[in-house]
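So this one's final.pdb, PDB, C-alpha atoms:
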```
MODEL        1
ATOM      1  CA  MET L   1     -13.552  -5.054  17.633
ATOM      2  CA  LEU L   2     -12.997  -3.195  20.889
ATOM      3  CA  SER L   3     -11.227   0.131  21.002
ATOM      4  CA  VAL L   4      -8.543   1.318  23.382
ATOM      5  CA  LYS L   5      -6.816   4.676  23.528
ATOM      6  CA  HIS L   6      -3.038   4.831  23.829
ATOM      7  CA  ASN L   7      -2.800   5.086  27.638
ATOM      8  CA  GLU L   8      -6.217   3.787  28.631
ATOM      9  CA  PRO L   9      -6.107   0.972  31.219
ATOM     10  CA  VAL L  10      -7.019  -2.440  29.840
ATOM     11  CA  GLU L  11      -8.946  -5.207  31.579
ATOM     12  CA  PHE L  12      -9.253  -8.435  29.633
ATOM     13  CA  ALA L  13     -12.701 -10.056  29.460
ATOM     14  CA  GLU L  14     -13.215 -13.485  31.035
ATOM     15  CA  ASP L  15     -13.545 -15.209  27.657
ATOM     16  CA  LEU L  16     -10.191 -13.771  26.544
ATOM     17  CA  LEU L  17      -8.572 -14.831  29.809
ATOM     18  CA  GLY L  18     -10.008 -18.303  29.178
ATOM     19  CA  LYS L  19      -8.292 -18.390  25.793
ATOM     20  CA  PHE L  20      -5.043 -17.321  27.475
ATOM     21  CA  ALA L  21      -5.371 -20.212  29.949
ATOM     22  CA  GLU L  22      -5.929 -22.703  27.105
ATOM     23  CA  ILE L  23      -2.848 -21.378  25.300
ATOM     24  CA  VAL L  24      -0.610 -21.422  28.379
ATOM     25  CA  ALA L  25      -1.728 -24.999  29.130
ATOM     26  CA  ARG L  26      -0.064 -26.144  25.880
ATOM     27  CA  TYR L  27       3.389 -25.477  27.338
ATOM     28  CA  PRO L  28       5.342 -27.104  30.176
ATOM     29  CA  GLU L  29       4.915 -25.626  33.622
ATOM     30  CA  GLY L  30       7.203 -22.659  34.157
ATOM     31  CA  ARG L  31       7.416 -22.037  30.411
ATOM     32  CA  GLN L  32       4.434 -19.689  30.122
ATOM     33  CA  LYS L  33       6.572 -17.188  28.187
ATOM     34  CA  SER L  34       6.295 -19.642  25.279
ATOM     35  CA  ALA L  35       2.639 -18.611  25.013
ATOM     36  CA  LEU L  36       3.524 -14.985  24.294
ATOM     37  CA  LEU L  37       3.038 -14.989  20.507
ATOM     38  CA  PRO L  38      -0.364 -16.690  20.462
ATOM     39  CA  VAL L  39      -1.556 -14.591  23.419
ATOM     40  CA  LEU L  40      -0.547 -11.390  21.588
ATOM     41  CA  HIS L  41      -2.452 -12.601  18.527
ATOM     42  CA  GLU L  42      -5.558 -13.074  20.681
ATOM     43  CA  VAL L  43      -5.230  -9.578  22.168
ATOM     44  CA  GLN L  44      -4.785  -8.015  18.743
ATOM     45  CA  ALA L  45      -7.792  -9.945  17.407
ATOM     46  CA  VAL L  46      -9.958  -8.358  20.116
ATOM     47  CA  TYR L  47      -8.541  -4.818  20.209
ATOM     48  CA  GLY L  48      -7.177  -4.456  16.681
ATOM     49  CA  TRP L  49      -3.721  -3.444  17.900
ATOM     50  CA  LEU L  50      -1.378  -3.784  20.887
ATOM     51  CA  SER L  51      -1.406  -0.775  23.194
ATOM     52  CA  VAL L  52       1.231  -0.412  25.900
ATOM     53  CA  PRO L  53      -1.380  -1.016  28.635
ATOM     54  CA  ALA L  54      -2.523  -4.192  26.841
ATOM     55  CA  MET L  55       1.061  -5.417  26.509
ATOM     56  CA  ASP L  56       1.639  -4.648  30.192
ATOM     57  CA  ARG L  57      -1.413  -6.754  31.118
ATOM     58  CA  VAL L  58      -0.094  -9.613  28.983
ATOM     59  CA  ALA L  59       3.251  -9.390  30.790
ATOM     60  CA  ALA L  60       1.512  -9.489  34.169
ATOM     61  CA  TYR L  61      -0.632 -12.457  33.106
ATOM     62  CA  LEU L  62       2.388 -14.425  31.888
ATOM     63  CA  GLY L  63       4.583 -13.390  34.816
ATOM     64  CA  ILE L  64       7.244 -11.810  32.626
ATOM     65  CA  GLU L  65       8.690  -8.314  32.361
ATOM     66  CA  PRO L  66       6.887  -5.808  30.106
ATOM     67  CA  ILE L  67      10.086  -5.281  28.098
ATOM     68  CA  GLU L  68       9.946  -8.950  27.080
ATOM     69  CA  VAL L  69       6.525  -8.342  25.528
ATOM     70  CA  TYR L  70       7.624  -5.077  23.866
ATOM     71  CA  GLU L  71      10.648  -6.813  22.318
ATOM     72  CA  VAL L  72       8.461  -9.436  20.680
ATOM     73  CA  ALA L  73       5.695  -7.036  19.612
ATOM     74  CA  THR L  74       8.152  -4.647  17.982
ATOM     75  CA  PHE L  75      10.086  -7.408  16.238
ATOM     76  CA  TYR L  76       7.208  -9.014  14.340
ATOM     77  CA  THR L  77       5.497  -6.879  11.702
ATOM     78  CA  MET L  78       2.186  -8.704  12.096
ATOM     79  CA  PHE L  79       1.670  -6.888  15.378
ATOM     80  CA  PHE L  80       0.271  -3.366  15.168
ATOM     81  CA  LEU L  81       1.524  -0.889  17.751
ATOM     82  CA  ARG L  82      -1.047   1.754  16.923
ATOM     83  CA  PRO L  83      -4.668   1.655  15.817
ATOM     84  CA  GLN L  84      -5.290   0.287  12.334
ATOM     85  CA  GLY L  85      -8.178   0.413   9.934
ATOM     86  CA  LYS L  86     -10.632  -2.470   9.691
ATOM     87  CA  TYR L  87      -8.681  -3.379   6.554
ATOM     88  CA  ALA L  88      -4.914  -3.046   6.955
ATOM     89  CA  LEU L  89      -3.397  -2.956   3.467
ATOM     90  CA  GLU L  90       0.244  -4.029   3.375
ATOM     91  CA  VAL L  91       2.215  -3.425   0.187
ATOM     92  CA  CYS L  92       5.500  -5.221  -0.489
ATOM     93  CA  ARG L  93       8.160  -2.528  -0.771
ATOM     94  CA  THR L  94      11.255  -4.586  -1.489
ATOM     95  CA  GLY L  95      13.344  -4.342  -4.648
ATOM     96  CA  PRO L  96      11.543  -6.725  -7.014
ATOM     97  CA  CYS L  97       8.104  -5.237  -6.290
ATOM     98  CA  CYS L  98       9.438  -1.676  -6.499
ATOM     99  CA  LEU L  99      10.872  -2.443  -9.933
ATOM    100  CA  VAL L 100       7.381  -3.271 -11.174
ATOM    101  CA  GLY L 101       5.446  -0.452  -9.494
ATOM    102  CA  ALA L 102       5.058  -0.930  -5.732
ATOM    103  CA  GLU L 103       6.020   2.684  -5.035
ATOM    104  CA  ARG L 104       3.422   3.839  -7.571
ATOM    105  CA  ILE L 105       0.809   1.672  -5.791
ATOM    106  CA  MET L 106       1.735   3.158  -2.405
ATOM    107  CA  LYS L 107       1.424   6.712  -3.781
ATOM    108  CA  HIS L 108      -1.927   5.757  -5.274
ATOM    109  CA  LEU L 109      -3.144   4.354  -1.940
ATOM    110  CA  GLU L 110      -2.134   7.582  -0.205
ATOM    111  CA  SER L 111      -4.008   9.616  -2.789
ATOM    112  CA  ARG L 112      -7.087   7.401  -3.015
ATOM    113  CA  LEU L 113      -7.494   6.886   0.729
ATOM    114  CA  GLY L 114      -6.412  10.388   1.704
ATOM    115  CA  VAL L 115      -4.070   9.171   4.452
ATOM    116  CA  LYS L 116      -0.335   8.758   4.728
ATOM    117  CA  GLU L 117       1.357   5.471   5.517
ATOM    118  CA  GLY L 118       0.395   4.270   9.004
ATOM    119  CA  GLU L 119      -2.636   6.559   9.322
ATOM    120  CA  VAL L 120      -6.281   5.454   9.469
ATOM    121  CA  THR L 121      -9.015   6.806   7.218
ATOM    122  CA  PRO L 122     -11.621   8.953   9.029
ATOM    123  CA  ASP L 123     -14.253   6.217   8.598
ATOM    124  CA  GLY L 124     -11.920   3.717  10.312
ATOM    125  CA  LEU L 125     -12.012   1.321   7.359
ATOM    126  CA  PHE L 126      -8.493   1.551   5.962
ATOM    127  CA  SER L 127      -4.866   1.929   6.896
ATOM    128  CA  TRP L 128      -1.880   1.028   4.769
ATOM    129  CA  ARG L 129       1.845   0.512   5.086
ATOM    130  CA  GLY L 130       4.822  -0.777   3.186
ATOM    131  CA  VAL L 131       6.201  -4.085   4.443
ATOM    132  CA  GLU L 132       9.139  -6.295   3.688
ATOM    133  CA  CYS L 133       9.028  -9.146   1.209
ATOM    134  CA  LEU L 134       5.704 -10.941   0.842
ATOM    135  CA  ALA L 135       7.388 -13.812  -1.046
ATOM    136  CA  ALA L 136       5.713 -13.240  -4.416
ATOM    137  CA  CYS L 137       8.526 -11.583  -6.345
ATOM    138  CA  GLY L 138       7.334 -12.907  -9.697
ATOM    139  CA  TYR L 139       3.828 -11.499  -9.214
ATOM    140  CA  GLY L 140       4.528  -7.951  -8.058
ATOM    141  CA  PRO L 141       3.460  -5.550  -7.083
ATOM    142  CA  VAL L 142       1.606  -7.386  -4.333
ATOM    143  CA  LEU L 143      -0.319  -6.564  -1.184
ATOM    144  CA  GLN L 144      -1.991  -8.446   1.600
ATOM    145  CA  ILE L 145      -4.940  -7.373   3.681
ATOM    146  CA  GLY L 146      -5.049  -8.116   7.381
ATOM    147  CA  PRO L 147      -6.353  -9.371   9.616
ATOM    148  CA  GLU L 148      -7.263 -12.286   7.287
ATOM    149  CA  TYR L 149      -4.108 -11.744   5.189
ATOM    150  CA  THR L 150      -5.823 -12.091   1.843
ATOM    151  CA  PHE L 151      -3.227 -11.800  -0.922
ATOM    152  CA  TYR L 152      -3.434  -9.766  -4.182
ATOM    153  CA  GLU L 153      -0.917  -9.888  -7.041
ATOM    154  CA  ASN L 154      -0.009  -7.967 -10.217
ATOM    155  CA  LEU L 155      -1.551  -4.770  -8.879
ATOM    156  CA  THR L 156      -2.432  -1.732 -10.935
ATOM    157  CA  GLU L 157      -4.055   1.519  -9.823
ATOM    158  CA  GLU L 158      -7.287   0.230 -11.341
ATOM    159  CA  SER L 159      -7.184  -3.115  -9.522
ATOM    160  CA  VAL L 160      -6.435  -1.299  -6.248
ATOM    161  CA  ASP L 161      -9.427   1.010  -6.809
ATOM    162  CA  LYS L 162     -11.649  -2.013  -7.487
ATOM    163  CA  LEU L 163     -10.368  -3.723  -4.343
ATOM    164  CA  ILE L 164     -11.026  -0.626  -2.191
ATOM    165  CA  ASP L 165     -14.547  -0.316  -3.601
ATOM    166  CA  GLU L 166     -15.238  -4.012  -2.889
ATOM    167  CA  LEU L 167     -13.985  -3.674   0.679
ATOM    168  CA  LYS L 168     -16.195  -0.611   1.229
ATOM    169  CA  GLU L 169     -19.192  -2.530  -0.059
ATOM    170  CA  LYS L 170     -18.310  -5.483   2.177
ATOM    171  CA  ALA L 171     -18.080  -3.186   5.199
ATOM    172  CA  VAL L 172     -21.503  -1.710   4.463
ATOM    173  CA  ALA L 173     -23.033  -5.178   4.006
ATOM    174  CA  ILE L 174     -21.557  -6.385   7.285
ATOM    175  CA  GLY L 175     -22.730  -3.273   9.062
TER     176      GLY L 175
ENDMDL
END
```

Give the structure from the file, written as structure tokens.
Amino acid sequence: MLSVKHNEPVEFAEDLLGKFAEIVARYPEGRQKSALLPVLHEVQAVYGWLSVPAMDRVAAYLGIEPIEVYEVATFYTMFFLRPQGKYALEVCRTGPCCLVGAERIMKHLESRLGVKEGEVTPDGLFSWRGVECLAACGYGPVLQIGPEYTFYENLTEESVDKLIDELKEKAVAIG
């Protein structure tokens, strides 16, 4: 995954621009704005998040105003507007999950990882945040891990610790 600082200029690689062209080709001529969501997904897959310079480059590529990109990127929670850990843990924080311990899980994540919501661990492996309903009200508390969006249910502090340890081991094995 490439890295970009908040105001660092961004130049997209030729292979990424090729993916953009394939995506835009799916839509009728003059309707390139329709490609915005999948193009943003491609950018985030490469950089790990959507910086303002990256969003500005997307706007220029699609021939739309930067504000049109910002509106979409800030609306959808699957887009990260600041750097994230390799594993982005997202805990459902809506009523049903809170009733069965989601807030306790979020406090445990903060303690175990040593970072507050939205921050990244010093090793770059983890970030976490509370999100709206993950559609598993009967199995709470729940979390998903991006970017693959693997889903975990009926969480306890112990199961979260086991999950974190497994992800650390996976990261070491991958290198």

In Å, rounded to a single decimal, give me how far atom CA of Ala88 of chain L is from atom CA of Phe126 of chain L. 5.9 Å

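Candidate residues L:Leu125, L:Val120, L:Ala35, L:Val72 were compared for distance to Val172 of chain L, and the nearest is L:Leu125, using only C-alpha atoms.
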
Calculated over only C-alpha atoms, which of the candidates L:Tyr149, L:Val160, L:Tyr139, L:Thr74 has the smallest distance to Ser111 of chain L? L:Val160

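Our summary of the geometry notes that atom CA of Leu50 of chain L is positioned 21.1 Å from atom CA of Val115 of chain L.
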
For the file shown, report as a PyMOL selection string the outcome of the PyMOL selection byres ((chain L and resi 84) around 12) at residue level. chain L and resi 1+3-4+44-45+47-51+78-83+85-90+115+117-129+145-147

I'd like the contact shell of Cys97 of chain L - 6 Å cut-off, all atoms listed in the file, skipping same-chain residues fewer than 5 positions apart - returned as a PyMOL selection string. chain L and resi 102+140-141

Between atom CA of Leu99 of chain L and atom CA of Lys116 of chain L, measure the distance and give it in Å to one decimal. 21.6 Å

Could you work out an axis-aligned bounding box for all listed atoms of segment 42-55 of chain L, with 6 Å added on each of the six sides, and give its centre and edge lengths in Å to one decimal, as AutoDock Vina command-line options?
```
--center_x -4.4 --center_y -6.7 --center_z 22.7 --size_x 23.2 --size_y 24.7 --size_z 24.0
```

Applying the PyMOL selection byres ((chain L and resi 61) around 10) to the file I just gave you, which residues come out? Please list them as a count of residues only. 15

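Across L:Ala73, L:Leu109, L:Leu134, L:Val91, the tightest approach to Val43 of chain L is made by L:Ala73 when counting all atoms listed in the file.
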
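Each of L:Val52, L:Leu113, L:Ile174, L:Cys98 was compared to Asn154 of chain L using all atoms listed in the file, and L:Cys98 turns out to be the nearest.
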
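For the set L:Met106, L:Ala171, L:Ala135, L:Leu40, the residue with the smallest atom-to-atom gap to Glu153 of chain L is L:Ala135, counting only C-alpha atoms.
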
Once the PyMOL selection byres ((chain L and resi 133) around 7) has been evaluated on this model, what residues remain selected, and can you format them as an MDAnalysis selection string? chainID L and resid 92:94 131:132 134:135

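The residue that comes closest to Val10 of chain L, out of L:Val46, L:Val100, L:Leu37, L:Ile164 and on the basis of all atoms listed in the file, is L:Val46.
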
Taking the structure in the block just given, could you write segment 63-174 of chain L with C-alpha atoms, as a PDB file, in the first residue's frame?
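Wrote result-v9.pdb, looks like this:
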```pdb
ATOM      1  CA  GLY L  63     -13.893  16.287 -15.340  1.00  0.00           C
ATOM      2  CA  ILE L  64     -15.987  17.194 -12.313  1.00  0.00           C
ATOM      3  CA  GLU L  65     -15.593  19.715  -9.508  1.00  0.00           C
ATOM      4  CA  PRO L  66     -13.573  18.660  -6.439  1.00  0.00           C
ATOM      5  CA  ILE L  67     -16.563  19.403  -4.190  1.00  0.00           C
ATOM      6  CA  GLU L  68     -18.500  16.677  -6.016  1.00  0.00           C
ATOM      7  CA  VAL L  69     -15.840  14.158  -4.987  1.00  0.00           C
ATOM      8  CA  TYR L  70     -15.682  15.472  -1.398  1.00  0.00           C
ATOM      9  CA  GLU L  71     -19.471  15.180  -1.061  1.00  0.00           C
ATOM     10  CA  VAL L  72     -19.400  11.517  -2.020  1.00  0.00           C
ATOM     11  CA  ALA L  73     -16.281  10.639  -0.005  1.00  0.00           C
ATOM     12  CA  THR L  74     -17.656  12.234   3.152  1.00  0.00           C
ATOM     13  CA  PHE L  75     -21.090  10.666   2.765  1.00  0.00           C
ATOM     14  CA  TYR L  76     -20.040   7.015   2.592  1.00  0.00           C
ATOM     15  CA  THR L  77     -18.386   5.563   5.690  1.00  0.00           C
ATOM     16  CA  MET L  78     -16.401   3.023   3.678  1.00  0.00           C
ATOM     17  CA  PHE L  79     -14.135   5.828   2.525  1.00  0.00           C
ATOM     18  CA  PHE L  80     -11.358   6.854   4.901  1.00  0.00           C
ATOM     19  CA  LEU L  81     -10.447  10.533   4.954  1.00  0.00           C
ATOM     20  CA  ARG L  82      -7.303  10.048   6.995  1.00  0.00           C
ATOM     21  CA  PRO L  83      -4.683   7.320   7.192  1.00  0.00           C
ATOM     22  CA  GLN L  84      -5.853   4.012   8.632  1.00  0.00           C
ATOM     23  CA  GLY L  85      -4.115   0.978  10.008  1.00  0.00           C
ATOM     24  CA  LYS L  86      -3.534  -2.080   7.841  1.00  0.00           C
ATOM     25  CA  TYR L  87      -6.510  -3.520   9.721  1.00  0.00           C
ATOM     26  CA  ALA L  88      -9.349  -1.036  10.208  1.00  0.00           C
ATOM     27  CA  LEU L  89     -11.594  -2.392  12.964  1.00  0.00           C
ATOM     28  CA  GLU L  90     -15.146  -1.057  12.813  1.00  0.00           C
ATOM     29  CA  VAL L  91     -17.432  -1.694  15.775  1.00  0.00           C
ATOM     30  CA  CYS L  92     -21.207  -1.320  15.490  1.00  0.00           C
ATOM     31  CA  ARG L  93     -22.206   1.412  17.929  1.00  0.00           C
ATOM     32  CA  THR L  94     -25.961   1.513  17.464  1.00  0.00           C
ATOM     33  CA  GLY L  95     -28.508   0.763  20.176  1.00  0.00           C
ATOM     34  CA  PRO L  96     -28.857  -3.025  19.954  1.00  0.00           C
ATOM     35  CA  CYS L  97     -25.087  -3.620  19.972  1.00  0.00           C
ATOM     36  CA  CYS L  98     -24.552  -1.089  22.766  1.00  0.00           C
ATOM     37  CA  LEU L  99     -27.122  -2.922  24.883  1.00  0.00           C
ATOM     38  CA  VAL L 100     -24.997  -6.062  24.691  1.00  0.00           C
ATOM     39  CA  GLY L 101     -21.552  -4.504  25.163  1.00  0.00           C
ATOM     40  CA  ALA L 102     -20.346  -2.572  22.107  1.00  0.00           C
ATOM     41  CA  GLU L 103     -19.209   0.365  24.241  1.00  0.00           C
ATOM     42  CA  ARG L 104     -17.260  -2.037  26.465  1.00  0.00           C
ATOM     43  CA  ILE L 105     -15.606  -3.500  23.332  1.00  0.00           C
ATOM     44  CA  MET L 106     -14.660  -0.025  22.085  1.00  0.00           C
ATOM     45  CA  LYS L 107     -13.113   0.864  25.468  1.00  0.00           C
ATOM     46  CA  HIS L 108     -11.239  -2.431  25.388  1.00  0.00           C
ATOM     47  CA  LEU L 109      -9.915  -1.726  21.878  1.00  0.00           C
ATOM     48  CA  GLU L 110      -8.695   1.690  23.017  1.00  0.00           C
ATOM     49  CA  SER L 111      -6.939   0.128  25.985  1.00  0.00           C
ATOM     50  CA  ARG L 112      -5.516  -2.895  24.176  1.00  0.00           C
ATOM     51  CA  LEU L 113      -4.317  -1.004  21.105  1.00  0.00           C
ATOM     52  CA  GLY L 114      -3.250   2.114  22.981  1.00  0.00           C
ATOM     53  CA  VAL L 115      -4.956   4.479  20.528  1.00  0.00           C
ATOM     54  CA  LYS L 116      -8.160   6.459  20.584  1.00  0.00           C
ATOM     55  CA  GLU L 117     -10.896   6.091  18.001  1.00  0.00           C
ATOM     56  CA  GLY L 118      -9.641   7.142  14.559  1.00  0.00           C
ATOM     57  CA  GLU L 119      -5.947   6.946  15.475  1.00  0.00           C
ATOM     58  CA  VAL L 120      -3.415   4.458  14.086  1.00  0.00           C
ATOM     59  CA  THR L 121      -1.175   2.271  16.223  1.00  0.00           C
ATOM     60  CA  PRO L 122       2.543   3.183  16.043  1.00  0.00           C
ATOM     61  CA  ASP L 123       3.286  -0.013  14.084  1.00  0.00           C
ATOM     62  CA  GLY L 124       0.670   0.987  11.480  1.00  0.00           C
ATOM     63  CA  LEU L 125      -1.272  -2.255  11.911  1.00  0.00           C
ATOM     64  CA  PHE L 126      -4.487  -1.110  13.567  1.00  0.00           C
ATOM     65  CA  SER L 127      -7.032   1.662  13.686  1.00  0.00           C
ATOM     66  CA  TRP L 128     -10.561   1.435  15.004  1.00  0.00           C
ATOM     67  CA  ARG L 129     -13.795   3.379  14.958  1.00  0.00           C
ATOM     68  CA  GLY L 130     -17.436   3.081  15.847  1.00  0.00           C
ATOM     69  CA  VAL L 131     -19.784   2.831  12.872  1.00  0.00           C
ATOM     70  CA  GLU L 132     -23.493   2.740  12.307  1.00  0.00           C
ATOM     71  CA  CYS L 133     -25.496  -0.457  12.085  1.00  0.00           C
ATOM     72  CA  LEU L 134     -23.713  -3.475  10.631  1.00  0.00           C
ATOM     73  CA  ALA L 135     -27.036  -5.330  10.234  1.00  0.00           C
ATOM     74  CA  ALA L 136     -26.375  -8.082  12.780  1.00  0.00           C
ATOM     75  CA  CYS L 137     -28.482  -6.883  15.696  1.00  0.00           C
ATOM     76  CA  GLY L 138     -29.121 -10.393  16.993  1.00  0.00           C
ATOM     77  CA  TYR L 139     -25.406 -11.222  17.116  1.00  0.00           C
ATOM     78  CA  GLY L 140     -23.948  -8.170  18.842  1.00  0.00           C
ATOM     79  CA  PRO L 141     -21.629  -6.820  19.652  1.00  0.00           C
ATOM     80  CA  VAL L 142     -20.158  -7.070  16.167  1.00  0.00           C
ATOM     81  CA  LEU L 143     -17.240  -5.657  14.221  1.00  0.00           C
ATOM     82  CA  GLN L 144     -15.932  -5.811  10.707  1.00  0.00           C
ATOM     83  CA  ILE L 145     -12.364  -5.499   9.546  1.00  0.00           C
ATOM     84  CA  GLY L 146     -11.532  -3.599   6.391  1.00  0.00           C
ATOM     85  CA  PRO L 147     -10.391  -3.564   3.751  1.00  0.00           C
ATOM     86  CA  GLU L 148     -11.719  -7.133   3.264  1.00  0.00           C
ATOM     87  CA  TYR L 149     -14.692  -6.465   5.581  1.00  0.00           C
ATOM     88  CA  THR L 150     -14.430  -9.723   7.470  1.00  0.00           C
ATOM     89  CA  PHE L 151     -17.258  -9.921  10.008  1.00  0.00           C
ATOM     90  CA  TYR L 152     -17.081 -11.008  13.694  1.00  0.00           C
ATOM     91  CA  GLU L 153     -20.068 -11.534  16.002  1.00  0.00           C
ATOM     92  CA  ASN L 154     -20.842 -12.023  19.712  1.00  0.00           C
ATOM     93  CA  LEU L 155     -17.644 -10.264  20.744  1.00  0.00           C
ATOM     94  CA  THR L 156     -16.073 -10.402  24.172  1.00  0.00           C
ATOM     95  CA  GLU L 157     -12.849  -8.802  25.390  1.00  0.00           C
ATOM     96  CA  GLU L 158     -11.241 -12.230  25.115  1.00  0.00           C
ATOM     97  CA  SER L 159     -12.384 -12.833  21.533  1.00  0.00           C
ATOM     98  CA  VAL L 160     -11.167  -9.345  20.567  1.00  0.00           C
ATOM     99  CA  ASP L 161      -7.756 -10.071  22.127  1.00  0.00           C
ATOM    100  CA  LYS L 162      -7.562 -13.359  20.206  1.00  0.00           C
ATOM    101  CA  LEU L 163      -8.507 -11.585  16.979  1.00  0.00           C
ATOM    102  CA  ILE L 164      -5.847  -8.881  17.492  1.00  0.00           C
ATOM    103  CA  ASP L 165      -3.204 -11.526  18.200  1.00  0.00           C
ATOM    104  CA  GLU L 166      -4.186 -13.459  15.047  1.00  0.00           C
ATOM    105  CA  LEU L 167      -4.004 -10.315  12.927  1.00  0.00           C
ATOM    106  CA  LYS L 168      -0.551  -9.496  14.331  1.00  0.00           C
ATOM    107  CA  GLU L 169       0.631 -12.991  13.492  1.00  0.00           C
ATOM    108  CA  LYS L 170      -0.846 -12.693   9.995  1.00  0.00           C
ATOM    109  CA  ALA L 171       0.955  -9.386   9.466  1.00  0.00           C
ATOM    110  CA  VAL L 172       4.273 -10.911  10.513  1.00  0.00           C
ATOM    111  CA  ALA L 173       3.748 -13.924   8.228  1.00  0.00           C
ATOM    112  CA  ILE L 174       2.921 -11.685   5.280  1.00  0.00           C
TER     113      ILE L 174
END
```
